[in-house]
>>> print(open('target.txt').read())   # compact mmCIF, C-alpha atoms
# COMPACT_ATOMS: atom_id res chain seq x y z
CA MET A 26 29.85 18.01 -178.45
CA ALA A 27 28.36 20.87 -176.52
CA GLY A 28 26.51 23.47 -178.50
CA PRO A 29 27.31 27.18 -178.34
CA ALA A 30 26.68 28.90 -175.02
CA PRO A 31 23.41 30.75 -174.95
CA ALA A 32 23.79 34.51 -175.33
CA PRO A 33 23.20 36.45 -172.12
CA PRO A 34 19.81 38.10 -171.99
CA VAL A 35 19.81 41.69 -173.28
CA ALA A 36 19.04 44.10 -170.44
CA GLU A 37 16.03 46.35 -171.15
CA GLU A 38 17.27 49.91 -171.48
CA ALA A 39 15.70 52.23 -168.90
CA PRO A 40 14.86 55.79 -170.05
CA LEU A 41 17.26 58.45 -168.79
CA ILE A 42 14.29 60.46 -167.34
CA SER A 43 11.47 58.48 -165.89
CA SER A 44 7.84 59.51 -166.28
CA ARG A 45 7.57 59.79 -162.48
CA PHE A 46 10.41 62.32 -162.48
CA LEU A 47 8.70 64.31 -165.26
CA TYR A 48 5.48 64.42 -163.27
CA ARG A 49 7.34 65.69 -160.22
CA MET A 50 9.20 68.32 -162.21
CA THR A 51 5.98 69.49 -163.82
CA ALA A 52 4.34 69.78 -160.38
CA VAL A 53 7.31 71.72 -158.99
CA ILE A 54 7.28 74.10 -161.96
CA ALA A 55 3.54 74.62 -161.58
CA VAL A 56 3.96 75.42 -157.88
CA LEU A 57 6.76 77.87 -158.67
CA VAL A 58 4.62 79.59 -161.28
CA VAL A 59 1.74 79.91 -158.80
CA LEU A 60 4.09 81.25 -156.13
CA THR A 61 5.62 83.73 -158.57
CA VAL A 62 2.19 85.04 -159.55
CA ALA A 63 1.10 85.18 -155.90
CA ILE A 64 4.25 87.06 -154.89
CA GLY A 65 3.78 89.46 -157.77
CA VAL A 66 0.14 90.13 -156.98
CA GLY A 67 0.77 90.21 -153.23
CA GLY A 68 3.76 92.50 -153.64
CA GLN A 69 1.74 94.88 -155.77
CA TRP A 70 -1.12 94.85 -153.22
CA PHE A 71 1.31 95.33 -150.32
CA GLY A 72 3.10 98.08 -152.20
CA GLN A 73 -0.17 99.87 -152.81
CA ARG A 74 -1.07 99.53 -149.12
CA ILE A 75 2.28 101.06 -148.14
CA ALA A 76 1.81 103.85 -150.67
CA LEU A 77 -1.67 104.62 -149.35
CA ALA A 78 -0.38 104.58 -145.74
CA GLY A 79 -3.84 104.15 -144.26
CA HIS A 80 -5.59 106.38 -146.79
CA THR A 81 -8.07 105.24 -149.42
CA ASP A 82 -8.94 106.81 -152.75
CA SER A 83 -12.30 105.03 -152.86
CA THR A 84 -15.27 107.36 -153.30
CA GLU A 85 -17.79 104.72 -152.23
CA GLU A 86 -20.62 106.33 -150.28
CA LEU A 87 -20.98 104.94 -146.75
CA LEU A 88 -24.20 105.43 -144.76
CA ILE A 89 -23.26 106.11 -141.14
CA GLN A 90 -25.68 106.80 -138.29
CA ILE A 91 -24.55 108.91 -135.34
CA GLY A 92 -27.27 109.38 -132.74
CA GLN A 93 -30.40 110.51 -134.56
CA ASP A 94 -28.53 111.62 -137.69
CA LYS A 95 -27.59 109.57 -140.76
CA LEU A 96 -24.88 110.76 -143.12
CA SER A 97 -23.71 109.59 -146.52
CA LEU A 98 -19.93 110.06 -146.58
CA PRO A 99 -17.35 109.19 -149.27
CA ALA A 100 -14.86 106.63 -147.95
CA ASN A 101 -11.86 108.78 -148.95
CA THR A 102 -12.98 111.58 -146.63
CA ILE A 103 -12.91 109.28 -143.57
CA ARG A 104 -9.59 109.53 -141.80
CA PHE A 105 -9.32 106.15 -140.05
CA ARG A 106 -9.59 102.74 -141.71
CA ASP A 107 -11.73 101.13 -138.99
CA GLN A 108 -14.37 103.85 -139.39
CA ARG A 109 -14.84 103.21 -143.13
CA GLN A 110 -17.95 101.08 -142.86
CA SER A 111 -21.68 101.66 -142.99
CA GLY A 112 -23.71 101.30 -139.82
CA VAL A 113 -24.06 102.88 -136.38
CA ALA A 114 -21.02 104.73 -135.00
CA GLU A 115 -20.29 106.83 -131.94
CA ARG A 116 -18.22 109.21 -134.04
CA VAL A 117 -16.46 109.55 -137.36
CA ASP A 118 -13.31 111.51 -138.14
CA LEU A 119 -12.88 113.22 -141.50
CA TYR A 120 -10.09 115.09 -143.27
CA LEU A 121 -10.67 117.43 -146.18
CA THR A 122 -8.49 119.58 -148.40
CA TRP A 123 -8.93 123.31 -148.24
CA PRO A 124 -10.43 125.06 -150.12
CA GLU A 125 -11.65 122.15 -152.29
CA LEU A 126 -13.16 120.14 -149.39
CA LYS A 127 -12.15 116.90 -151.10
CA GLY A 128 -11.00 113.60 -149.63
CA TYR A 129 -7.79 111.70 -150.32
CA SER A 130 -6.71 111.11 -153.91
CA ALA A 131 -3.46 110.40 -155.71
CA GLU A 132 -3.50 113.96 -157.02
CA MET A 133 -3.88 115.40 -153.51
CA ARG A 134 -1.50 112.91 -151.86
CA PRO A 135 1.26 115.45 -150.95
CA ARG A 136 -1.16 117.41 -148.78
CA PHE A 137 -1.99 114.30 -146.76
CA ASP A 138 1.54 112.89 -146.51
CA ASP A 139 3.79 115.97 -146.37
CA ILE A 140 3.63 117.63 -142.96
CA ALA A 141 4.80 120.87 -144.57
CA GLN A 142 1.57 120.95 -146.59
CA SER A 143 -0.80 119.65 -143.90
CA SER A 144 -1.95 123.19 -143.07
CA ALA A 145 -4.06 122.92 -146.22
CA LEU A 146 -6.24 120.29 -144.51
CA ILE A 147 -9.29 120.65 -142.27
CA PHE A 148 -10.04 117.92 -139.72
CA LEU A 149 -13.61 117.18 -138.64
CA GLN A 150 -14.96 115.02 -135.83
CA LEU A 151 -18.67 114.18 -135.99
CA SER A 152 -20.34 112.90 -132.82
CA GLN A 153 -23.61 113.02 -130.94
CA SER A 154 -24.07 116.28 -129.03
CA THR A 155 -23.33 116.10 -125.33
CA MET A 156 -23.83 119.84 -124.67
CA SER A 157 -26.90 121.92 -125.36
CA ARG A 158 -24.82 124.81 -126.71
CA ASP A 159 -22.16 124.90 -129.39
CA MET A 160 -19.07 127.09 -129.12
CA SER A 161 -20.87 130.27 -130.16
CA GLY A 162 -23.58 129.55 -127.61
CA ARG A 163 -20.99 129.09 -124.85
CA LEU A 164 -19.43 132.52 -125.36
CA GLU A 165 -21.53 134.48 -122.88
CA PRO A 166 -22.33 131.88 -120.19
CA ILE A 167 -18.86 130.27 -120.07
CA TYR A 168 -15.97 131.82 -121.98
CA SER A 169 -16.71 135.46 -121.14
CA LYS A 170 -16.48 134.56 -117.45
CA LEU A 171 -12.92 133.31 -118.02
CA PHE A 172 -11.53 136.27 -119.94
CA GLU A 173 -8.62 138.18 -118.46
CA GLY A 174 -7.82 141.71 -119.55
CA GLY A 175 -9.51 143.67 -122.28
CA PRO A 176 -10.35 142.47 -125.80
CA GLN A 177 -7.72 143.12 -128.48
CA PRO A 178 -8.74 143.72 -132.10
CA VAL A 179 -6.61 141.65 -134.46
CA ASN A 180 -6.62 140.89 -138.17
CA PHE A 181 -9.48 139.62 -140.34
CA GLY A 182 -12.21 141.22 -138.26
CA LEU A 183 -11.42 139.07 -135.23
CA THR A 184 -11.09 140.08 -131.58
CA LEU A 185 -8.66 138.28 -129.26
CA HIS A 186 -9.53 137.39 -125.67
CA ARG A 187 -6.98 135.94 -123.26
CA LEU A 188 -8.07 133.35 -120.70
CA ARG A 189 -7.23 133.28 -117.02
CA PRO A 190 -4.38 130.91 -116.08
CA ASP A 191 -6.79 128.92 -113.90
CA SER A 192 -9.36 128.53 -116.69
CA GLY A 193 -8.19 125.04 -117.56
CA TYR A 194 -7.44 125.95 -121.18
CA GLY A 195 -3.70 126.34 -120.77
CA ASN A 196 -2.23 128.85 -123.23
CA GLU A 197 -5.24 128.86 -125.54
CA ILE A 198 -6.88 132.13 -126.56
CA VAL A 199 -10.41 132.83 -127.80
CA LEU A 200 -11.09 134.71 -131.01
CA THR A 201 -14.52 136.17 -131.68
CA ALA A 202 -16.25 138.13 -134.43
CA SER A 203 -19.70 139.67 -134.73
CA ARG A 204 -21.89 138.37 -137.54
CA PRO A 205 -25.11 139.91 -138.85
CA ASP A 206 -28.19 137.78 -138.17
CA ALA A 207 -26.11 135.04 -136.51
CA PRO A 208 -24.49 134.37 -133.12
CA ASP A 209 -20.94 135.62 -132.71
CA TYR A 210 -18.24 133.50 -134.30
CA VAL A 211 -16.06 131.86 -131.63
CA VAL A 212 -12.90 129.80 -132.10
CA ARG A 213 -10.21 128.64 -129.64
CA CYS A 214 -6.60 128.64 -130.79
CA LEU A 215 -3.21 127.69 -129.39
CA LEU A 216 -1.12 130.20 -131.28
CA PRO A 217 2.62 129.54 -131.74
CA GLY A 218 5.01 131.49 -129.55
CA PRO A 219 7.95 133.56 -130.80
CA GLY A 220 9.93 131.52 -133.29
CA GLY A 221 7.33 128.76 -133.28
CA LYS A 222 5.40 127.44 -136.25
CA PRO A 223 1.64 126.90 -136.58
CA THR A 224 0.42 123.31 -136.65
CA SER A 225 -2.22 121.76 -138.88
CA GLY A 226 -4.87 121.92 -136.14
CA ASP A 227 -4.04 124.64 -133.66
CA CYS A 228 -7.50 126.25 -133.95
CA GLN A 229 -10.77 124.45 -133.19
CA ARG A 230 -14.47 125.27 -133.24
CA ASP A 231 -17.63 123.20 -132.85
CA ILE A 232 -21.09 123.74 -134.30
CA HIS A 233 -24.44 121.93 -134.03
CA ILE A 234 -25.99 120.47 -137.19
CA GLY A 235 -28.93 118.18 -137.89
CA GLN A 236 -30.91 116.60 -135.05
CA ASP A 237 -28.21 116.35 -132.39
CA LEU A 238 -24.91 116.26 -134.24
CA THR A 239 -21.81 118.11 -133.03
CA VAL A 240 -19.22 118.91 -135.66
CA LEU A 241 -15.85 119.75 -134.11
CA TYR A 242 -13.45 121.01 -136.74
CA ARG A 243 -9.77 121.88 -136.49
CA PHE A 244 -7.62 123.90 -138.85
CA SER A 245 -4.29 125.72 -138.96
CA SER A 246 -4.09 129.24 -137.58
CA THR A 247 -2.56 130.17 -140.95
CA LEU A 248 -6.10 129.85 -142.35
CA LEU A 249 -7.70 132.31 -139.92
CA LYS A 250 -7.98 134.80 -142.77
CA ASP A 251 -10.59 132.42 -144.27
CA TRP A 252 -12.57 131.87 -141.05
CA GLN A 253 -15.89 132.95 -142.56
CA HIS A 254 -15.53 130.76 -145.64
CA ILE A 255 -14.32 127.77 -143.62
CA ASP A 256 -17.24 127.96 -141.20
CA ALA A 257 -19.81 128.21 -143.99
CA ALA A 258 -18.14 125.50 -146.08
CA VAL A 259 -17.91 123.00 -143.19
CA ARG A 260 -21.57 123.54 -142.33
CA LEU A 261 -22.64 123.11 -145.95
CA PHE A 262 -20.47 120.01 -146.41
CA VAL A 263 -22.12 118.22 -143.48
CA GLU A 264 -25.66 119.47 -144.09
CA THR A 265 -25.68 118.30 -147.72
CA ARG A 266 -24.62 114.81 -146.58
CA LEU A 267 -27.35 114.35 -144.02
CA ALA A 268 -29.71 111.60 -145.15
CA LYS A 269 -33.19 112.92 -145.81
>>> encode(input="target.txt", output="structure tokens")
Amino acid sequence: MAGPAPAPPVAEEAPLISSRFLYRMTAVIAVLVVLTVAIGVGGQWFGQRIALAGHTDSTEELLIQIGQDKLSLPANTIRFRDQRQSGVAERVDLYLTWPELKGYSAEMRPRFDDIAQSSALIFLQLSQSTMSRDMSGRLEPIYSKLFEGGPQPVNFGLTLHRLRPDSGYGNEIVLTASRPDAPDYVVRCLLPGPGGKPTSGDCQRDIHIGQDLTVLYRFSSTLLKDWQHIDAAVRLFVETRLAK
């Protein structure tokens, strides 16, 4: 008589979630966490870059040599990003608030970003001198030979001189003023016509400072009332930053 049939082997129960699956899920979660953090940090960095729009609020002092002159300049006064580095440069462009003569900051941001407030900025270009005379020195040998008509006294102690159409200066005019114990002040301006509005840099003047440094600065004609203070302040700003 045959004995009872052997019971079928009991199948080993497999876990619903394998350890390999857990490892993969853990790795995926870790990657997602890293990506989330990276996106957050990167988004914040990118957002700050957009907000700065090419400006910097860093006050790090950069030592820049132009020709024979070395200057220590705060990074936030330098207008262009690729010029914000120490070393030898052909020129450097600055922008400063008026009358504070400060560089970019969050507090001053509207003046740098709002074109309606840009007349409260002064723009400087520092480069090695290519002419032996600055603008005041060019008054008699050059500009006076190009004047047309008589001088016209205007506001703020300035005298207006119109230039001949063939002078090469277009519609620019020259404004001068006598100064005690100093050469005459000279500035060229492109004044707005009837119904026009002044721009942030429609007047320009250059001066010599240091060994052979030319400082060309531009400002709005709305600031002509401050011409004496602007000229003295620009000179002092650059002179105090020349490396000894």
>>> closest_atom_pairs(input="target.txt", of="region 86-173 of chain A", to="region 223-236 of chain A", cutoff="12 Å", atoms="only C-alpha atoms", output="tab-separated table")
residue	atom	partner	partner_atom	distance
A:Gln90	CA	A:Gln236	CA	11.6
A:Ile91	CA	A:Gln236	CA	10.0
A:Gly92	CA	A:Gln236	CA	8.4
A:Gln93	CA	A:Gln236	CA	6.1
A:Asp94	CA	A:Gln236	CA	6.1
A:Lys95	CA	A:Gly235	CA	9.2
A:Leu96	CA	A:Gly235	CA	9.9
A:Tyr120	CA	A:Gly226	CA	11.2
A:Leu121	CA	A:Ser225	CA	12.0
A:Thr122	CA	A:Ser225	CA	11.6
A:Trp123	CA	A:Ser225	CA	11.6
A:Arg136	CA	A:Ser225	CA	10.9
A:Phe137	CA	A:Ser225	CA	10.9
A:Asp139	CA	A:Ser225	CA	11.2
A:Ile140	CA	A:Ser225	CA	8.2
A:Ala141	CA	A:Ser225	CA	9.1
A:Gln142	CA	A:Ser225	CA	8.6
A:Ser143	CA	A:Ser225	CA	5.6
A:Ser144	CA	A:Ser225	CA	4.4
A:Ala145	CA	A:Ser225	CA	7.7
A:Leu146	CA	A:Ser225	CA	7.1
A:Ile147	CA	A:Gly226	CA	7.7
A:Phe148	CA	A:Gly226	CA	7.5
A:Leu149	CA	A:Asp231	CA	9.3
A:Gln150	CA	A:Asp231	CA	9.1
A:Leu151	CA	A:Asp231	CA	9.6
A:Ser152	CA	A:His233	CA	10.0
A:Gln153	CA	A:Gln236	CA	9.1
A:Ser154	CA	A:His233	CA	7.6
A:Thr155	CA	A:His233	CA	10.5
A:Met156	CA	A:His233	CA	9.6
A:Ser157	CA	A:His233	CA	9.0
A:Arg158	CA	A:His233	CA	7.9
A:Asp159	CA	A:Ile232	CA	5.2
A:Met160	CA	A:Asp231	CA	5.6
A:Ser161	CA	A:Ile232	CA	7.7
A:Gly162	CA	A:Ile232	CA	9.2
A:Arg163	CA	A:Asp231	CA	10.5
A:Leu164	CA	A:Arg230	CA	11.8
>>> write_last_selection(input="target.txt", atoms="C-alpha atoms", output="PDB file, in the frame of the given file")
ATOM      1  CA  GLN A  90     -25.680 106.800-138.290  1.00  0.00           C
ATOM      2  CA  ILE A  91     -24.550 108.910-135.340  1.00  0.00           C
ATOM      3  CA  GLY A  92     -27.270 109.380-132.740  1.00  0.00           C
ATOM      4  CA  GLN A  93     -30.400 110.510-134.560  1.00  0.00           C
ATOM      5  CA  ASP A  94     -28.530 111.620-137.690  1.00  0.00           C
ATOM      6  CA  LYS A  95     -27.590 109.570-140.760  1.00  0.00           C
ATOM      7  CA  LEU A  96     -24.880 110.760-143.120  1.00  0.00           C
ATOM      8  CA  TYR A 120     -10.090 115.090-143.270  1.00  0.00           C
ATOM      9  CA  LEU A 121     -10.670 117.430-146.180  1.00  0.00           C
ATOM     10  CA  THR A 122      -8.490 119.580-148.400  1.00  0.00           C
ATOM     11  CA  TRP A 123      -8.930 123.310-148.240  1.00  0.00           C
ATOM     12  CA  ARG A 136      -1.160 117.410-148.780  1.00  0.00           C
ATOM     13  CA  PHE A 137      -1.990 114.300-146.760  1.00  0.00           C
ATOM     14  CA  ASP A 139       3.790 115.970-146.370  1.00  0.00           C
ATOM     15  CA  ILE A 140       3.630 117.630-142.960  1.00  0.00           C
ATOM     16  CA  ALA A 141       4.800 120.870-144.570  1.00  0.00           C
ATOM     17  CA  GLN A 142       1.570 120.950-146.590  1.00  0.00           C
ATOM     18  CA  SER A 143      -0.800 119.650-143.900  1.00  0.00           C
ATOM     19  CA  SER A 144      -1.950 123.190-143.070  1.00  0.00           C
ATOM     20  CA  ALA A 145      -4.060 122.920-146.220  1.00  0.00           C
ATOM     21  CA  LEU A 146      -6.240 120.290-144.510  1.00  0.00           C
ATOM     22  CA  ILE A 147      -9.290 120.650-142.270  1.00  0.00           C
ATOM     23  CA  PHE A 148     -10.040 117.920-139.720  1.00  0.00           C
ATOM     24  CA  LEU A 149     -13.610 117.180-138.640  1.00  0.00           C
ATOM     25  CA  GLN A 150     -14.960 115.020-135.830  1.00  0.00           C
ATOM     26  CA  LEU A 151     -18.670 114.180-135.990  1.00  0.00           C
ATOM     27  CA  SER A 152     -20.340 112.900-132.820  1.00  0.00           C
ATOM     28  CA  GLN A 153     -23.610 113.020-130.940  1.00  0.00           C
ATOM     29  CA  SER A 154     -24.070 116.280-129.030  1.00  0.00           C
ATOM     30  CA  THR A 155     -23.330 116.100-125.330  1.00  0.00           C
ATOM     31  CA  MET A 156     -23.830 119.840-124.670  1.00  0.00           C
ATOM     32  CA  SER A 157     -26.900 121.920-125.360  1.00  0.00           C
ATOM     33  CA  ARG A 158     -24.820 124.810-126.710  1.00  0.00           C
ATOM     34  CA  ASP A 159     -22.160 124.900-129.390  1.00  0.00           C
ATOM     35  CA  MET A 160     -19.070 127.090-129.120  1.00  0.00           C
ATOM     36  CA  SER A 161     -20.870 130.270-130.160  1.00  0.00           C
ATOM     37  CA  GLY A 162     -23.580 129.550-127.610  1.00  0.00           C
ATOM     38  CA  ARG A 163     -20.990 129.090-124.850  1.00  0.00           C
ATOM     39  CA  LEU A 164     -19.430 132.520-125.360  1.00  0.00           C
TER      40      LEU A 164
END
>>> closest_residue(input="target.txt", among="A:Met133, A:Leu87, A:Leu98, A:Val240", to="Arg266 (chain A)", atoms="all atoms listed in the file")
A:Leu98
>>> closest_residue(input="target.txt", among="A:Pro219, A:Val263, A:Cys214, A:Leu185", to="Thr247 (chain A)", atoms="all atoms listed in the file")
A:Cys214
>>> atom_distance(input="target.txt", atom1="CA of Arg213 (chain A)", atom2="CA of Arg189 (chain A)")
13.8 Å
>>> atom_distance(input="target.txt", atom1="CA of Ile89 (chain A)", atom2="CA of Ala114 (chain A)")
6.7 Å
>>> atom_distance(input="target.txt", atom1="CA of Val199 (chain A)", atom2="CA of His186 (chain A)")
5.1 Å
>>> residues_around(input="target.txt", residues="region 178-180 of chain A", least_positions_apart="2", cutoff="10 Å", atoms="all atoms listed in the file", output="VMD selection string")
chain A and resid 175 to 176 182 to 186 200 to 202 249 to 250
>>> write_last_selection(input="target.txt", atoms="C-alpha atoms", output="short mmCIF file (atom, residue, chain, number, x, y, z; two decimals), in the coordinates of the input")
data_model
loop_
_atom_site.label_atom_id
_atom_site.label_comp_id
_atom_site.auth_asym_id
_atom_site.auth_seq_id
_atom_site.Cartn_x
_atom_site.Cartn_y
_atom_site.Cartn_z
CA GLY A 175 -9.51 143.67 -122.28
CA PRO A 176 -10.35 142.47 -125.80
CA GLY A 182 -12.21 141.22 -138.26
CA LEU A 183 -11.42 139.07 -135.23
CA THR A 184 -11.09 140.08 -131.58
CA LEU A 185 -8.66 138.28 -129.26
CA HIS A 186 -9.53 137.39 -125.67
CA LEU A 200 -11.09 134.71 -131.01
CA THR A 201 -14.52 136.17 -131.68
CA ALA A 202 -16.25 138.13 -134.43
CA LEU A 249 -7.70 132.31 -139.92
CA LYS A 250 -7.98 134.80 -142.77
#
